[in-house]
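Heads up, the thing below is written out as structure tokens.
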Amino acid sequence: MNATERPVSGDPKQIWFSNGNSALVCRDDGSEAGQLVAALGLAPDETGRPVLVVSGGADTLKGAHLDRAEEMLGPAVPAATGLAGAAVVDGGTSAGVMAVIGAARARRPEAMPVLLGVAPEGLVSYPGVNRDDGVPLDPQHTHFVLADSSEWGGETALLISVAAGLAGPGPVVMLLAGGGPVAKADVLAAVRRGWPVFAVAGTGGLADDILARRDAARTGSRRPVPRTGPSRGSAGPAEDPDLREILGQGDIREVTGAPGALARDLAWALQPEPVLKEAWREFATYDHLAKKLRATFTRAQAAILALGVAATLVALVYSEWRQPVLHWLAVALPILVSVLIALASRHAVGQRWVMLRAAAEAIKAEIFRYRTRTPPYASADQEKRQLALSEQVDAIQAQLIQTEVSSGQLTPYDGPLPPVMYGAGADDDGLSRLTGERYLHIRLRDQLAYYHGRVARLGRQRTWLQAAAIVSGGVGALLAAAGFEIWVGLTGGVGAAVLAYLGSLQLENTIVTYNQAATKLAGLERGWTARRPADRTDRVVSELVTRAEELMTAELAGWVRQMNDAMQETLKRQAEEARAIESGHAPEDASPRRP
């Protein structure tokens with residue numbers, strides 16, 4: 001193709017680069033963006049296609065800023081698009097952030113099957129159309145659409161329209177690294193379409209300016225916005241209406257972590273799984289509240305037992321030294337113990353913790369069944385799978401709301417999704433379909449890591465509590481032998497309190513249950529590993545998931561029964577002890593003894 005044979009939208013041309021790669025090129029002739037996309041053979045189906053738009057610096061992205069962009073985008077973009085099945089749209093030239101994306105595709109072409117560049121035709125050169133001052137198109141791109149323009153920025157409207165046409169009803173996400181006035185126009189157009197914008201901190205230019213100004217606005221700082229270095233067309237002054245609109249209306253998400261975290265967040269945003277995302281939110285809500293209530297319950301039990309011991313100590317001291325302050329302590333401490341017991345019983349903190357934990361784990365099990373296409377989620381129809389998941393989550397919520405949980409707050413979780421799991425699932429995007437090996441890694445091994453970690457911690461806790469009970473008994477025997485019988489009651493009270501606390505936590509039963517469940521899960525893992533890869537069919541994966549989830553569900557049900565029984569027993573015992581303490585330390589009984 002020579003310089004006079006320009007590609008047209010209805011008849012895209014194939015070009016060959018010197019590295020052996022080929023690409024389809026079409027020219028914008030005023031046609032609808034959907035027609036241009038269709039001409040390239042990329043028309044989306046009725047469900048749409050996820051699209052990642054990459055914008056940022058070209059010739060101005062240099063030095064440390066370029067290194068940062070390569071560090072983050074190089075691994076993260078193909079990882080995210082591979083998980084989400086997304087197409088990528090950028091400026092198409094072999095410069096700056098576009099060259100970074102092209103190099104990423106060269107390393108993992110299977111993860112980026114569609115890399116479409118949109119550039120102004122009058123400023124680029126490519127095989128068959130050579131311009132002395134033209135910027136080369138990147139040879140790693142698979143498709144190009146050339147705007148009828150000879151100005152940088154003249155392609156912005158076309159780039160945004162092509163991205164929308166490529167996605168159809170699918171989600172579109174923008175990723176920003178560095179950037180100048182062209183990138184600002186891209187971001188403004190994305191904001192007006194409601195697309196989220198991920199801005200990579202440390203890449204200079206527009207990305208750092210947006211993040212710095214946003215942080216300054218949030219904190220109310222009047223200090224000058226820090227500049228990140230010279231950049232052609234960096235963000236304008238604070239009164240710039242475009243920048244003000246971006247900051248005021250845009251869904252700007254700061255990227256500061258590692259490439260894996262960026263890939264995870266991009267994959268989450270790119271996948272159209274609204275029901276699955278809501279299931280994760282419900283899980284995270286119940287999980288977060290369960291953790292808070294568990295900590296509250298544990299502290300409350302420790303406080304009740306400690307105050308009970310303190311009441312015994314005060315009574316013993318008062319029997320020897322008749323001081324008014326001791327009299328009032330002897331009166332107040334039993335009352336305080338009774339109040340704490342009444343509050344614990346009224347608010348049902350322990351029961352709510354257990355019910356929330358059960359609901360969280362039940363939703364988590366449904367999430368992993370859904371992601372492995374295990375019945376009832378085996379349908380190839382996504383809508384049917386989503387309806388089935390919605391019904392299961394609704395059933396879990398309906399059952400939960402019939403318990404003591406309905407008496408407390410259910411504040412929705414607003415942290416990152418999916419929440420970081422206990423162990424191996426920290427790199428999971430939470431949405432993509434799971435193979436058997438991937439399920440084994442992020443679910444089964446994650447659960448094994450949880451069991452082993454919990455058993456180790458609970459074992460140490462049990463050892464210390466048991467040692468404390470034994471030591472208190474030994475001290476009591478020594479005091480009795482030394483003639484200090486009056487203090488034996490205190491040591492006995494301490495030992496009883498420690499054992500009661502140990503019983504309320506159900507450490508022994510929990511350790512046994514976790515060890516049994518871990519042994520069975522490890523057996524499933526060995527069985528999977530023993531199979532040849534060719535034998536790990538969809539049916540075998542479904543069997544693995546079904547057995548593993550049934551096993552974990554049974555373990556959870558047993559734990560819930562044990563904890564509920566233990567809490568009922570604890571509340572009953574504490575109520576009896578409170579009555580005994582109150583009757584034994586009433587004001588008239590605590591009055592000074594007459595000689």
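Just remember, in the structure tokens the first chain shown is A, the second B, etc., residues are 1-based per chain, and ligands are 1-based in the order shown.
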Residue list (alpha helix (DSSP H), DSSP) for stretch 298-478 of chain A, as a ChimeraX atom specification:
/A:298-320,324-347,349-371,382-401,436-439,445-478
What's around A:Gly41 at 10 Å? Count only C-alpha atoms, leave out sequence neighbours fewer than 5 positions away in its own chain, and write the answer as a VMD selection string.
chain A and resid 12 24 35 to 36 143
What's the 12 Å shell around A:Gln409, counting only C-alpha atoms, without same-chain residues fewer than 2 positions away, as JSON, numbers by chain?
{"A": [285, 286, 289, 290, 292, 293, 347, 349, 352, 356, 401, 404, 405, 406, 407, 411, 412, 413]}
Point-to-point distance from atom CA of A:Ile101 to atom CA of A:Pro136, Å rounded to tenths
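Going from atom CA of A:Ile101 over to atom CA of A:Pro136 covers 14.8 Å.
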Residues at most 6 Å from A:Ala33, counting only C-alpha atoms, excluding those fewer than 4 positions away in the same chain, as JSON, numbers by chain?
{"A": [161, 162, 165]}
For the residues selected in the previous step, produce a file with N, CA and C atoms as a PDB file, in the first residue's frame.
```
ATOM      1  N   SER A 161     -15.573   7.242  21.258  1.00  0.00           N
ATOM      2  CA  SER A 161     -16.706   6.618  20.568  1.00  0.00           C
ATOM      3  C   SER A 161     -16.392   5.186  20.156  1.00  0.00           C
ATOM      4  N   VAL A 162     -15.169   4.964  19.668  1.00  0.00           N
ATOM      5  CA  VAL A 162     -14.781   3.611  19.270  1.00  0.00           C
ATOM      6  C   VAL A 162     -14.755   2.685  20.484  1.00  0.00           C
ATOM      7  N   GLY A 165     -18.293   1.865  21.235  1.00  0.00           N
ATOM      8  CA  GLY A 165     -18.828   0.942  20.235  1.00  0.00           C
ATOM      9  C   GLY A 165     -18.255  -0.444  20.376  1.00  0.00           C
TER      10      GLY A 165
END
```
Excluding stretch 539-547 of chain A and any residue of its chain fewer than 3 positions from it, enumerate the residues within 8 Å of it, using only C-alpha atoms, and give them as a list in words.
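Once the nearby chain positions are removed, what remains is Arg369, Thr372, Arg373, Thr374, Pro375, Thr435, Gly436, Tyr439, Leu524, Trp528, Asp535, Arg536, Glu550 and Leu551 of chain A.
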Could you write those residues out with C-alpha atoms, as a PDB file, in the first residue's frame?
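And here is the file that came out, out_6.pdb:
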```pdb
ATOM      1  CA  ARG A 369     -19.811 -22.719  43.431  1.00  0.00           C
ATOM      2  CA  THR A 372     -16.614 -22.941  39.147  1.00  0.00           C
ATOM      3  CA  ARG A 373     -19.978 -23.499  37.395  1.00  0.00           C
ATOM      4  CA  THR A 374     -20.912 -26.115  39.962  1.00  0.00           C
ATOM      5  CA  PRO A 375     -24.657 -26.900  40.266  1.00  0.00           C
ATOM      6  CA  THR A 435     -10.482 -23.906  36.921  1.00  0.00           C
ATOM      7  CA  GLY A 436     -10.014 -26.838  39.274  1.00  0.00           C
ATOM      8  CA  TYR A 439     -10.120 -23.273  42.923  1.00  0.00           C
ATOM      9  CA  LEU A 524      -9.307 -33.864  48.628  1.00  0.00           C
ATOM     10  CA  TRP A 528      -6.875 -33.956  42.850  1.00  0.00           C
ATOM     11  CA  ASP A 535      -8.529 -36.544  33.723  1.00  0.00           C
ATOM     12  CA  ARG A 536      -9.365 -33.235  35.404  1.00  0.00           C
ATOM     13  CA  GLU A 550     -20.164 -29.741  51.634  1.00  0.00           C
ATOM     14  CA  LEU A 551     -17.311 -30.575  53.970  1.00  0.00           C
TER      15      LEU A 551
END
```
So which residues touch A:Phe283 within 7 Å, counting only C-alpha atoms, skipping near sequence neighbours fewer than 3 positions away, as a ChimeraX atom specification?
/A:279-280,286-287,360,363-364
